[in-house]
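*Asks:* Coordinates in run.csv, CSV, C-alpha atoms and all ligand atoms, are listed below.
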```csv
chain,number,residue,atom,x,y,z
A,7,MET,CA,114.7,136.4,56.3
A,8,LYS,CA,117.7,134.8,58.0
A,9,ILE,CA,117.4,134.3,61.7
A,10,THR,CA,120.7,135.1,63.5
A,11,GLY,CA,119.3,133.9,66.9
A,12,VAL,CA,116.6,134.2,69.4
A,13,GLU,CA,116.8,135.7,72.9
A,14,LEU,CA,114.4,134.2,75.5
A,15,ARG,CA,113.9,136.4,78.5
A,16,ARG,CA,111.8,135.6,81.6
A,17,LEU,CA,110.0,138.5,83.4
A,18,ALA,CA,108.3,138.5,86.8
A,19,LEU,CA,105.5,141.1,86.9
A,20,PRO,CA,103.3,141.5,89.9
A,21,LEU,CA,99.6,142.0,89.1
A,22,VAL,CA,98.0,145.1,90.7
A,23,SER,CA,95.3,142.8,92.2
A,24,PRO,CA,95.0,139.0,92.4
A,25,PHE,CA,93.0,137.5,89.4
A,26,ARG,CA,90.9,134.5,90.4
A,27,THR,CA,89.2,132.3,87.9
A,28,SER,CA,87.6,128.8,88.2
A,29,THR,CA,91.1,127.4,87.4
A,30,GLY,CA,93.1,129.2,90.1
A,31,VAL,CA,94.5,132.5,91.3
A,32,GLN,CA,97.2,134.6,89.7
A,33,THR,CA,99.1,137.2,91.7
A,34,ARG,CA,101.9,137.7,89.2
A,35,ARG,CA,102.6,137.1,85.6
A,36,ASP,CA,105.6,135.0,84.6
A,37,VAL,CA,106.2,136.3,81.1
A,38,LEU,CA,108.3,134.7,78.4
A,39,LEU,CA,109.6,137.4,76.1
A,40,VAL,CA,111.0,136.4,72.7
A,41,ARG,CA,113.4,138.6,70.7
A,42,VAL,CA,114.2,137.5,67.2
A,43,VAL,CA,117.4,138.9,65.7
A,44,THR,CA,117.9,139.1,62.0
A,45,PRO,CA,120.4,140.9,59.8
A,46,GLU,CA,117.6,143.4,58.9
A,47,GLY,CA,116.7,144.1,62.5
A,48,GLU,CA,115.0,142.6,65.5
A,49,GLY,CA,111.4,141.8,66.5
A,50,PHE,CA,109.7,141.1,69.8
A,51,ALA,CA,106.8,139.1,71.1
A,52,GLU,CA,105.4,137.8,74.3
A,53,CYS,CA,104.4,134.2,74.8
A,54,VAL,CA,100.9,134.1,76.5
A,55,ALA,CA,101.4,130.7,78.2
A,56,MET,CA,100.7,130.9,81.9
A,57,ALA,CA,103.0,129.5,84.6
A,58,ASP,CA,100.8,126.5,85.2
A,59,PRO,CA,99.0,124.2,82.7
A,60,HIS,CA,95.5,125.0,84.2
A,61,TYR,CA,93.9,127.3,81.6
A,62,THR,CA,95.2,125.2,78.7
A,63,ALA,CA,97.9,122.4,78.5
A,64,GLU,CA,100.6,124.8,77.6
A,65,TYR,CA,102.7,126.4,80.4
A,66,VAL,CA,105.6,128.8,80.2
A,67,ASP,CA,108.5,126.5,81.0
A,68,GLY,CA,107.2,124.1,78.4
A,69,ALA,CA,106.9,126.9,75.8
A,70,ALA,CA,110.6,127.9,76.4
A,71,ASP,CA,111.6,124.2,76.2
A,72,VAL,CA,109.8,123.5,72.9
A,73,ILE,CA,111.1,126.8,71.3
A,74,ARG,CA,114.7,125.9,72.4
A,75,ARG,CA,114.6,122.2,71.4
A,76,PHE,CA,112.2,122.0,68.5
A,77,LEU,CA,110.7,125.2,67.1
A,78,LEU,CA,113.8,127.3,66.6
A,79,PRO,CA,115.7,124.4,65.0
A,80,ALA,CA,112.7,123.8,62.7
A,81,LEU,CA,112.9,127.5,61.6
A,82,ALA,CA,116.6,127.5,61.3
A,83,ALA,CA,116.5,124.5,59.0
A,84,ARG,CA,114.5,126.6,56.4
A,85,PRO,CA,116.7,129.3,54.9
A,86,GLY,CA,114.6,132.3,54.0
A,87,VAL,CA,111.8,131.5,56.4
A,88,ASP,CA,109.5,134.4,57.1
A,89,ALA,CA,106.4,135.0,59.2
A,90,GLN,CA,104.1,133.7,56.4
A,91,SER,CA,106.0,130.4,56.1
A,92,ALA,CA,106.9,129.9,59.8
A,93,GLY,CA,103.7,128.1,60.6
A,94,ARG,CA,104.4,125.5,57.9
A,95,ALA,CA,108.0,125.1,59.0
A,96,MET,CA,106.8,124.5,62.6
A,97,ALA,CA,103.9,122.2,61.7
A,98,PRO,CA,105.7,118.9,62.4
A,99,VAL,CA,105.6,119.9,66.1
A,100,ARG,CA,102.1,119.1,67.3
A,101,GLY,CA,100.2,121.7,69.4
A,102,HIS,CA,102.3,124.2,71.4
A,103,ARG,CA,100.4,127.0,69.7
A,104,MET,CA,101.4,129.6,72.3
A,105,ALA,CA,105.1,128.9,71.7
A,106,LYS,CA,104.6,129.0,67.9
A,107,ALA,CA,102.6,132.2,68.1
A,108,ALA,CA,105.4,133.9,70.0
A,109,LEU,CA,108.0,133.0,67.4
A,110,GLU,CA,105.8,133.9,64.4
A,111,THR,CA,104.8,137.2,66.0
A,112,ALA,CA,108.4,138.2,66.7
A,113,LEU,CA,109.3,137.4,63.1
A,114,LEU,CA,106.3,139.4,61.9
A,115,ASP,CA,107.3,142.3,64.1
A,116,ALA,CA,110.9,142.2,62.7
A,117,GLU,CA,109.6,142.1,59.1
A,118,LEU,CA,107.0,144.8,59.5
A,119,ARG,CA,109.5,147.0,61.3
A,120,ALA,CA,112.0,146.5,58.5
A,121,ALA,CA,109.3,147.4,56.0
A,122,GLY,CA,108.0,150.4,58.1
A,123,ARG,CA,104.5,148.9,58.2
A,124,SER,CA,102.2,148.6,61.2
A,125,LEU,CA,100.6,145.2,62.2
A,126,ALA,CA,97.2,146.9,62.1
A,127,ALA,CA,97.7,148.0,58.4
A,128,PHE,CA,99.1,144.5,57.6
A,129,LEU,CA,96.1,142.7,59.2
A,130,GLY,CA,93.5,145.0,57.5
A,131,ALA,CA,92.4,147.1,60.5
A,132,SER,CA,89.5,149.4,59.8
A,133,ARG,CA,89.5,151.4,63.1
A,134,ASP,CA,92.1,153.6,64.9
A,135,ARG,CA,90.7,152.8,68.4
A,136,VAL,CA,88.7,150.1,70.1
A,137,PRO,CA,86.3,150.1,73.1
A,138,ALA,CA,87.9,148.7,76.2
A,139,GLY,CA,86.4,145.8,78.2
A,140,VAL,CA,87.5,144.5,81.6
A,141,ALA,CA,87.5,141.0,83.0
A,142,LEU,CA,86.9,140.8,86.7
A,143,GLY,CA,88.0,137.8,88.7
A,144,ILE,CA,86.0,135.8,91.3
A,145,MET,CA,85.9,137.9,94.5
A,146,ARG,CA,85.5,137.2,98.2
A,147,SER,CA,82.0,138.9,98.3
A,148,VAL,CA,79.4,140.5,96.2
A,149,PRO,CA,79.9,144.0,97.7
A,150,GLU,CA,83.6,143.7,96.8
A,151,LEU,CA,82.6,142.8,93.2
A,152,LEU,CA,80.1,145.7,93.0
A,153,ASP,CA,82.8,148.1,94.1
A,154,ALA,CA,85.2,146.7,91.4
A,155,VAL,CA,82.5,147.0,88.7
A,156,ALA,CA,81.7,150.6,89.8
A,157,GLY,CA,85.4,151.6,89.8
A,158,HIS,CA,85.9,150.3,86.2
A,159,LEU,CA,82.7,151.9,84.9
A,160,ASP,CA,83.9,155.2,86.4
A,161,GLN,CA,87.1,154.8,84.4
A,162,GLY,CA,85.0,154.4,81.2
A,163,TYR,CA,85.1,150.7,80.5
A,164,ALA,CA,82.4,149.9,77.9
A,165,ARG,CA,81.8,146.2,78.9
A,166,VAL,CA,82.3,144.0,82.0
A,167,LYS,CA,83.0,140.3,82.1
A,168,LEU,CA,82.6,138.4,85.3
A,169,LYS,CA,84.5,135.2,86.0
A,170,ILE,CA,82.1,132.5,87.3
A,171,GLU,CA,82.2,129.1,88.8
A,172,PRO,CA,79.7,126.8,90.6
A,173,GLY,CA,78.8,128.8,93.8
A,174,TRP,CA,79.7,132.2,92.2
A,175,ASP,CA,77.3,132.7,89.2
A,176,VAL,CA,73.7,133.6,89.5
A,177,ALA,CA,74.0,135.7,92.7
A,178,PRO,CA,76.9,138.0,91.5
A,179,VAL,CA,75.3,138.4,88.0
A,180,ARG,CA,72.0,139.3,89.5
A,181,ALA,CA,73.6,141.8,91.9
A,182,VAL,CA,75.6,143.5,89.1
A,183,ARG,CA,72.5,143.7,86.8
A,184,GLU,CA,70.3,145.1,89.6
A,185,ARG,CA,72.9,147.7,90.7
A,186,PHE,CA,74.1,148.9,87.2
A,187,GLY,CA,71.0,148.4,85.1
A,188,ASP,CA,70.0,146.7,81.8
A,189,GLU,CA,72.2,149.0,79.7
A,190,LEU,CA,75.5,147.6,81.0
A,191,LEU,CA,77.2,145.3,78.5
A,192,LEU,CA,77.7,142.3,80.7
A,193,GLN,CA,79.0,138.7,80.0
A,194,VAL,CA,80.4,135.8,82.0
A,195,ASP,CA,83.4,133.4,81.6
A,196,ALA,CA,83.3,130.0,83.3
A,197,ASN,CA,86.7,128.6,82.1
A,198,ALA,CA,85.2,125.2,81.7
A,199,ALA,CA,83.9,124.9,85.2
A,200,TYR,CA,80.5,123.2,84.4
A,201,THR,CA,79.1,120.1,82.8
A,202,LEU,CA,76.0,119.5,80.7
A,203,ALA,CA,74.3,118.3,83.9
A,204,ASP,CA,74.4,122.0,85.0
A,205,ALA,CA,72.3,123.1,82.0
A,206,ALA,CA,69.2,123.9,84.0
A,207,HIS,CA,71.2,125.9,86.5
A,208,LEU,CA,73.0,127.9,83.7
A,209,ALA,CA,69.7,128.6,82.1
A,210,ARG,CA,68.9,130.7,85.2
A,211,LEU,CA,71.4,133.2,83.8
A,212,ASP,CA,69.1,133.8,80.8
A,213,ASP,CA,67.1,136.3,82.9
A,214,PHE,CA,70.0,138.7,83.0
A,215,GLY,CA,70.4,139.7,79.4
A,216,LEU,CA,74.0,138.6,79.1
A,217,LEU,CA,75.9,139.2,75.9
A,218,LEU,CA,77.3,135.7,76.2
A,219,ILE,CA,78.5,132.9,78.4
A,220,GLU,CA,82.1,132.0,77.6
A,221,GLN,CA,83.5,128.4,77.7
A,222,PRO,CA,80.9,126.9,80.2
A,223,LEU,CA,82.1,123.3,79.5
A,224,ALA,CA,85.3,121.4,79.0
A,225,GLU,CA,87.5,122.4,76.1
A,226,ASP,CA,87.0,119.1,74.3
A,227,ASP,CA,83.2,119.1,74.8
A,228,LEU,CA,82.1,120.6,71.4
A,229,VAL,CA,79.1,118.3,71.1
A,230,GLN,CA,78.0,119.0,74.6
A,231,HIS,CA,78.4,122.8,74.0
A,232,ALA,CA,76.1,122.4,71.0
A,233,ALA,CA,73.5,120.6,73.3
A,234,LEU,CA,73.9,123.3,75.9
A,235,ALA,CA,73.5,126.1,73.4
A,236,ARG,CA,70.1,124.6,72.4
A,237,ARG,CA,69.0,124.9,76.1
A,238,LEU,CA,70.2,128.4,76.7
A,239,ARG,CA,68.9,131.8,75.4
A,240,THR,CA,72.3,133.3,76.4
A,241,PRO,CA,74.6,133.0,73.4
A,242,VAL,CA,77.4,130.5,74.0
A,243,CYS,CA,81.0,131.7,73.2
A,244,LEU,CA,84.0,129.5,73.0
A,245,ASP,CA,87.5,130.3,74.2
A,246,GLU,CA,89.7,127.3,75.2
A,247,SER,CA,87.9,125.0,72.7
A,248,ILE,CA,89.1,127.0,69.7
A,249,GLU,CA,92.8,126.4,68.9
A,250,SER,CA,92.6,126.9,65.2
A,251,ALA,CA,90.4,127.9,62.2
A,252,ARG,CA,89.6,124.2,61.8
A,253,HIS,CA,88.2,124.1,65.4
A,254,ALA,CA,86.2,127.2,64.7
A,255,ALA,CA,84.8,125.7,61.5
A,256,ALA,CA,83.8,122.5,63.5
A,257,ALA,CA,82.3,124.5,66.3
A,258,ILE,CA,80.2,126.6,63.9
A,259,THR,CA,79.1,123.5,61.9
A,260,LEU,CA,78.0,121.7,65.1
A,261,GLY,CA,76.2,124.8,66.5
A,262,ALA,CA,78.5,124.7,69.5
A,263,CYS,CA,78.8,128.5,69.7
A,264,SER,CA,77.4,131.7,68.2
A,265,VAL,CA,80.4,133.8,69.3
A,266,ILE,CA,84.1,133.2,69.4
A,267,ASN,CA,86.8,134.7,71.6
A,268,VAL,CA,89.9,135.0,69.4
A,269,LYS,CA,93.2,135.0,71.2
A,270,PRO,CA,96.2,135.1,68.9
A,271,GLY,CA,98.4,133.2,71.3
A,272,ARG,CA,95.9,130.4,71.8
A,273,VAL,CA,95.5,129.8,68.1
A,274,GLY,CA,99.1,130.0,67.0
A,275,GLY,CA,99.5,133.6,66.0
A,276,TYR,CA,97.9,136.6,64.3
A,277,LEU,CA,97.8,134.9,60.9
A,278,GLU,CA,95.6,132.1,62.2
A,279,ALA,CA,93.6,134.7,64.3
A,280,ARG,CA,92.8,136.6,61.1
A,281,ARG,CA,91.7,133.3,59.3
A,282,ILE,CA,89.3,132.7,62.2
A,283,HIS,CA,88.1,136.3,61.9
A,284,ASP,CA,87.5,135.8,58.1
A,285,LEU,CA,85.7,132.5,58.6
A,286,CYS,CA,83.5,133.8,61.3
A,287,ALA,CA,82.6,136.9,59.3
A,288,ALA,CA,81.6,134.7,56.4
A,289,HIS,CA,79.3,132.7,58.7
A,290,GLY,CA,77.8,135.7,60.6
A,291,VAL,CA,79.5,134.5,63.8
A,292,ALA,CA,80.6,137.4,66.1
A,293,VAL,CA,84.2,137.5,67.3
A,294,TRP,CA,86.0,139.5,70.0
A,295,CYS,CA,89.6,139.7,71.1
A,296,GLY,CA,90.4,137.9,74.3
A,297,GLY,CA,93.3,138.6,76.6
A,298,MET,CA,95.9,136.7,78.6
A,299,LEU,CA,96.9,139.4,81.1
A,300,GLU,CA,99.4,140.6,78.5
A,301,THR,CA,102.0,143.3,78.9
A,302,GLY,CA,101.9,146.3,76.6
A,303,LEU,CA,103.7,144.2,73.9
A,304,GLY,CA,101.0,141.6,73.5
A,305,ARG,CA,98.3,144.3,74.1
A,306,ALA,CA,99.6,146.3,71.1
A,307,GLY,CA,99.2,143.3,68.8
A,308,ASN,CA,95.8,142.5,70.2
A,309,LEU,CA,94.6,146.0,69.6
A,310,ALA,CA,95.7,145.8,66.0
A,311,LEU,CA,93.7,142.6,65.6
A,312,ALA,CA,90.6,143.9,67.5
A,313,ALA,CA,90.5,146.8,64.9
A,314,LEU,CA,89.5,144.4,62.1
A,315,PRO,CA,85.9,144.9,60.9
A,316,GLY,CA,84.5,141.6,62.2
A,317,PHE,CA,85.5,142.3,65.8
A,318,THR,CA,82.0,143.6,66.6
A,319,LEU,CA,82.0,143.0,70.4
A,320,PRO,CA,84.3,144.8,72.9
A,321,GLY,CA,87.3,142.6,73.9
A,322,ASP,CA,89.2,141.8,77.1
A,323,LEU,CA,91.4,144.8,76.3
A,324,SER,CA,92.1,147.0,79.3
A,325,ALA,CA,94.5,149.7,80.1
A,326,SER,CA,98.0,148.7,81.3
A,327,GLY,CA,97.1,150.0,84.8
A,328,ARG,CA,94.4,147.4,85.2
A,329,TYR,CA,97.1,144.7,85.3
A,330,TYR,CA,100.5,146.3,86.1
A,331,ALA,CA,101.8,149.2,88.1
A,332,THR,CA,104.6,149.5,85.6
A,333,ASP,CA,104.2,148.0,82.1
A,334,ILE,CA,107.2,147.0,80.1
A,335,THR,CA,106.2,149.4,77.3
A,336,GLU,CA,104.7,152.9,77.3
A,337,PRO,CA,101.5,152.2,79.2
A,338,PHE,CA,98.2,151.9,77.3
A,339,VAL,CA,95.7,154.3,78.8
A,340,LEU,CA,91.9,154.7,78.4
A,341,ARG,CA,90.7,157.7,76.4
A,342,ASP,CA,87.0,158.1,76.4
A,343,GLY,CA,86.6,154.4,77.2
A,344,HIS,CA,88.8,153.4,74.2
A,345,LEU,CA,92.3,152.2,73.6
A,346,THR,CA,94.3,153.6,70.7
A,347,VAL,CA,95.5,151.1,68.0
A,348,PRO,CA,99.3,151.5,67.6
A,349,THR,CA,100.3,152.9,64.2
A,350,GLY,CA,104.1,152.6,64.4
A,351,PRO,CA,106.0,149.9,62.5
A,352,GLY,CA,105.4,146.3,63.6
A,353,LEU,CA,103.6,146.0,66.9
A,354,GLY,CA,104.2,149.7,67.3
A,355,VAL,CA,105.7,149.5,70.8
A,356,THR,CA,109.0,148.1,72.1
A,357,PRO,CA,110.0,147.1,75.7
A,358,LEU,CA,111.6,149.9,77.7
A,359,PRO,CA,115.2,148.7,78.5
A,360,GLU,CA,115.2,150.2,82.0
A,361,VAL,CA,112.0,148.4,83.0
A,362,LEU,CA,113.1,145.2,81.3
A,363,ARG,CA,116.3,145.2,83.4
A,364,GLU,CA,114.3,145.6,86.6
A,365,VAL,CA,111.8,142.7,85.9
A,366,THR,CA,114.0,140.2,84.1
A,367,THR,CA,114.7,137.0,86.1
A,368,ALA,CA,116.6,135.1,83.4
A,369,THR,CA,118.0,135.6,79.9
A,370,GLU,CA,119.1,133.0,77.4
A,371,TRP,CA,120.6,133.4,73.9
A,372,LEU,CA,119.8,130.8,71.3
A,373,PRO,CA,122.0,131.0,68.2
A,374,SER,CA,120.2,129.7,65.1
B,1,LIG,O1,89.7,132.8,80.1
B,1,LIG,O2,89.7,134.6,79.0
B,1,LIG,C1,90.2,133.9,79.8
B,1,LIG,C2,93.2,135.6,81.5
B,1,LIG,C3,94.1,134.6,81.5
B,1,LIG,C4,93.8,133.3,81.0
B,1,LIG,C5,92.5,133.1,80.5
B,1,LIG,C6,91.6,134.2,80.5
B,1,LIG,C7,91.9,135.4,81.0
B,1,LIG,C8,91.0,136.5,81.1
B,1,LIG,C9,91.6,137.9,81.3
B,1,LIG,O3,89.8,136.4,81.1
B,1,LIG,C10,91.6,138.7,80.1
B,1,LIG,C11,92.5,139.9,80.2
B,1,LIG,O4,92.1,140.9,80.7
B,1,LIG,O5,93.7,139.8,79.7
B,2,MG,MG,88.0,132.9,78.7
```
Would you kindly transcribe this structure into structure tokens?
*Replies:*
Amino acid sequence: MKITGVELRRLALPLVSPFRTSTGVQTRRDVLLVRVVTPEGEGFAECVAMADPHYTAEYVDGAADVIRRFLLPALAARPGVDAQSAGRAMAPVRGHRMAKAALETALLDAELRAAGRSLAAFLGASRDRVPAGVALGIMRSVPELLDAVAGHLDQGYARVKLKIEPGWDVAPVRAVRERFGDELLLQVDANAAYTLADAAHLARLDDFGLLLIEQPLAEDDLVQHAALARRLRTPVCLDESIESARHAAAAITLGACSVINVKPGRVGGYLEARRIHDLCAAHGVAVWCGGMLETGLGRAGNLALAALPGFTLPGDLSASGRYYATDITEPFVLRDGHLTVPTGPGLGVTPLPEVLREVTTATEWLPS
């Protein structure tokens, strides 16, 4: 597929409520939207990099820069490059997986749209809907958190994830468990806020029947995660540590986790995400689909991935309204606690031009 050029568009989308994690607070999403133009048609994708390099090293200005200066030129140098070969073409550039994922996904969207095939069918999805989960940020008080949990359970969410950090862990988890009972599917995410010296403290969470504890330690602490996993009954799940199928294989071999949060953006795209799914399925390691406060565009792709048979735990896949008053696509809504997997060609959704116009802060055309 020949690439005519790529449009980079920056969007500013206010979040409906501030989202606080151990790494900082988000009040709006600074989205990098990628549109690949080919003679056969166009494809879209959203880059999941955040505005600041606090969750991982990547950040949105850096992603735009590496696409502009290195990744698009690498693709343009390969006539006939397609989504399948894009990863290899971009491999000389180290890291920058979120930027690579955006380009690969936009190419994949263009190809699948031209072929009239959905991403879900291409990936091998086995379901037409997936249960919705919600990730709730660190709040000012436990009563405020309990209200937020109650509100989301009323809407039908099947699973709740609480962000934790030192000083906001055992007490909020206990309060949620006591108020909503043992049946609630509950898990926590520390975004690397602890060290192995906190093992005894984290073991206090074992009393609350959590599905998992996500990324308790630093992203490069695989060996320490393995040591921690031996000291906890709560299953350890990795997010930030897993940037590729190779990382997943290493983590499984070391016993650093028994669950993996798969985020297509973090691992370089849907093709690598599916490899991690296949690897984990072969090793009996559960996977679920994480989120990065995506717009409807990224959400559509994540729903396709989450419909694969190995995604046995509910993901961080929420309705559009949990994030944005106005999404850039037709909004995703909860039906009976589930989100419907798109069936249209490619990602199955496209940005709405009127909304895009309103939220766009900059546009740049890169001829290839
Ligand atoms: O650690 O999983 C995370 C959002 C942004 C960056 C990192 C994370 C998250 C979330 C929210 O937990 C998931 C979502 O609802 O999109
Ligand atoms: Mg996480």
*Asks:* Please identify all protein, DNA and RNA residues within 9 Å of ligand LIG 1 (chain B), counting only C-alpha atoms and all ligand atoms, and report them as a PyMOL selection string.
*Replies:* chain A and resi 25+27+32+54-56+61-62+139-143+167-169+195-198+220-221+245-246+267+269+296-300+305+321-324+328-329
*Asks:* Between A:Lys8, A:Gly130, A:Ala107, A:Arg16, which residue has the minimum interatomic distance to Asp88 in chain A, considering all atoms listed in the file?
*Replies:*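 Going through A:Lys8, A:Gly130, A:Ala107, A:Arg16 one by one, the smallest distance to Asp88 in chain A is for A:Lys8.
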*Asks:* I'd like to know which of A:Phe50, A:Ala63, A:Thr332, A:Tyr276 is closest to Gln90 in chain A, using only C-alpha atoms.
*Replies:*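 Distance minimum relative to Gln90 in chain A lands on A:Tyr276.
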*Asks:* Select all residues near (88.0, 149.7, 62.5) (cut-off 6 Å, inclusive, file coordinates), counting all atoms listed in the file, and output them as JSON, numbers by chain.
*Replies:* {"A": [131, 132, 133, 313, 314, 315]}
*Asks:* So how far away is CA of Leu228 in chain A from CA of Gly101 in chain A, in Å?
*Replies:*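 Here the two named atoms are 18.2 Å from each other.
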*Asks:* CA of Met104 in chain A and CA of Met145 in chain A are how many Å apart?
*Replies:*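 Separating CA of Met104 in chain A from CA of Met145 in chain A is a distance of 28.3 Å.
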*Asks:* List the spatial neighbours of Glu52 in chain A as a ChimeraX atom specification - criterion: any atom at most 9 Å away, all atoms listed in the file, same-chain residues fewer than 3 positions off excluded.
*Replies:* /A:37-41,107-109,111-112,271,300-301,303-304
*Asks:* When you look at Leu17 in chain A with a cut-off of 6 Å (counting only C-alpha atoms), what residues show up, excluding the ones that are within fewer than 6 positions of it in the same chain? I need them as a ChimeraX atom specification.
*Replies:* /A:36-37,365-367
*Asks:* Within 12 Å of (101.9, 153.3, 82.5), all atoms listed in the file: residues as a list in words?
*Replies:*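 Checking each residue against the 12 Å limit leaves Thr301, Gly302, Ala325, Ser326, Gly327, Arg328, Tyr329, Tyr330, Ala331, Thr332, Asp333, Ile334, Thr335, Glu336, Pro337, Phe338, Val339, Leu340, Leu358 and Val361 of chain A.
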*Asks:* Give me the residues within 9 Å of Ala287 in chain A as a list of chain:residue names, counting only C-alpha atoms and dropping any in the same chain fewer than 5 places off.
*Replies:*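 Here the answer would be A:Ile282, A:Ala292, A:Val293, A:Pro315, A:Gly316, A:Phe317.
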*Asks:* Just write the chosen residues, C-alpha atoms, as a PDB file, in the frame of the given file.
*Replies:*
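Saved result, result-v7.pdb, follows:
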```
ATOM      1  CA  ILE A 282      89.300 132.700  62.200  1.00  0.00           C
ATOM      2  CA  ALA A 292      80.600 137.400  66.100  1.00  0.00           C
ATOM      3  CA  VAL A 293      84.200 137.500  67.300  1.00  0.00           C
ATOM      4  CA  PRO A 315      85.900 144.900  60.900  1.00  0.00           C
ATOM      5  CA  GLY A 316      84.500 141.600  62.200  1.00  0.00           C
ATOM      6  CA  PHE A 317      85.500 142.300  65.800  1.00  0.00           C
TER       7      PHE A 317
END
```
*Asks:* Which one of A:Val268, A:Leu19, A:Leu345, A:Ala257 sits closest to ligand MG 2 (chain B) if you count only C-alpha atoms and all ligand atoms?
*Replies:* A:Val268
*Asks:* Let me make sure I understand: among A:Arg272, A:Arg236, A:Arg165, A:Arg341, which one has the smallest atom-to-atom distance to ligand MG 2 (chain B) if we use all atoms listed in the file?
*Replies:*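 Among the listed residues, the smallest separation from ligand MG 2 (chain B) belongs to A:Arg272.
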*Asks:* I need the residue nearest ligand MG 2 (chain B) from this list: A:Ala254, A:Ile266, A:Leu353, A:Ala57. Use all atoms listed in the file for the distance.
*Replies:* A:Ile266
*Asks:* Kindly write range 155-201 of chain A with C-alpha atoms to a file, as a PDB file, in the first residue's frame.
*Replies:*
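Once written, result_27.pdb looks like this:
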```
ATOM      1  CA  VAL A 155     -18.500   3.410  42.969  1.00  0.00           C
ATOM      2  CA  ALA A 156     -22.253   3.374  43.691  1.00  0.00           C
ATOM      3  CA  GLY A 157     -22.948   5.590  40.673  1.00  0.00           C
ATOM      4  CA  HIS A 158     -21.013   3.314  38.325  1.00  0.00           C
ATOM      5  CA  LEU A 159     -22.546   0.120  39.709  1.00  0.00           C
ATOM      6  CA  ASP A 160     -25.990   1.692  39.128  1.00  0.00           C
ATOM      7  CA  GLN A 161     -25.016   2.232  35.507  1.00  0.00           C
ATOM      8  CA  GLY A 162     -24.187  -1.470  35.187  1.00  0.00           C
ATOM      9  CA  TYR A 163     -20.399  -1.609  35.337  1.00  0.00           C
ATOM     10  CA  ALA A 164     -19.294  -5.189  35.955  1.00  0.00           C
ATOM     11  CA  ARG A 165     -15.943  -4.475  37.594  1.00  0.00           C
ATOM     12  CA  VAL A 166     -14.329  -1.618  39.508  1.00  0.00           C
ATOM     13  CA  LYS A 167     -10.646  -0.707  39.604  1.00  0.00           C
ATOM     14  CA  LEU A 168      -9.390   1.694  42.244  1.00  0.00           C
ATOM     15  CA  LYS A 169      -6.234   3.715  41.765  1.00  0.00           C
ATOM     16  CA  ILE A 170      -4.047   3.469  44.871  1.00  0.00           C
ATOM     17  CA  GLU A 171      -0.895   5.062  46.267  1.00  0.00           C
ATOM     18  CA  PRO A 172       0.792   5.097  49.701  1.00  0.00           C
ATOM     19  CA  GLY A 173      -1.781   6.706  52.020  1.00  0.00           C
ATOM     20  CA  TRP A 174      -4.737   5.734  49.771  1.00  0.00           C
ATOM     21  CA  ASP A 175      -4.832   1.948  49.700  1.00  0.00           C
ATOM     22  CA  VAL A 176      -6.071  -0.273  52.541  1.00  0.00           C
ATOM     23  CA  ALA A 177      -8.706   2.161  53.863  1.00  0.00           C
ATOM     24  CA  PRO A 178     -10.503   2.864  50.548  1.00  0.00           C
ATOM     25  CA  VAL A 179     -10.338  -0.821  49.536  1.00  0.00           C
ATOM     26  CA  ARG A 180     -11.777  -1.892  52.898  1.00  0.00           C
ATOM     27  CA  ALA A 181     -14.527   0.732  52.680  1.00  0.00           C
ATOM     28  CA  VAL A 182     -15.552  -0.328  49.163  1.00  0.00           C
ATOM     29  CA  ARG A 183     -15.514  -4.020  50.092  1.00  0.00           C
ATOM     30  CA  GLU A 184     -17.570  -3.429  53.249  1.00  0.00           C
ATOM     31  CA  ARG A 185     -20.128  -1.259  51.504  1.00  0.00           C
ATOM     32  CA  PHE A 186     -20.596  -3.266  48.274  1.00  0.00           C
ATOM     33  CA  GLY A 187     -19.936  -6.819  49.442  1.00  0.00           C
ATOM     34  CA  ASP A 188     -17.790  -9.784  48.445  1.00  0.00           C
ATOM     35  CA  GLU A 189     -19.453 -10.262  45.058  1.00  0.00           C
ATOM     36  CA  LEU A 190     -18.106  -7.004  43.614  1.00  0.00           C
ATOM     37  CA  LEU A 191     -15.291  -7.634  41.113  1.00  0.00           C
ATOM     38  CA  LEU A 192     -12.666  -5.299  42.563  1.00  0.00           C
ATOM     39  CA  GLN A 193      -9.013  -4.628  41.724  1.00  0.00           C
ATOM     40  CA  VAL A 194      -6.402  -1.937  42.343  1.00  0.00           C
ATOM     41  CA  ASP A 195      -3.754  -0.139  40.270  1.00  0.00           C
ATOM     42  CA  ALA A 196      -0.709   1.504  41.901  1.00  0.00           C
ATOM     43  CA  ASN A 197       1.037   2.825  38.768  1.00  0.00           C
ATOM     44  CA  ALA A 198       4.421   1.860  40.226  1.00  0.00           C
ATOM     45  CA  ALA A 199       3.977   3.808  43.484  1.00  0.00           C
ATOM     46  CA  TYR A 200       5.498   1.201  45.870  1.00  0.00           C
ATOM     47  CA  THR A 201       8.792  -0.585  46.482  1.00  0.00           C
TER      48      THR A 201
END
```
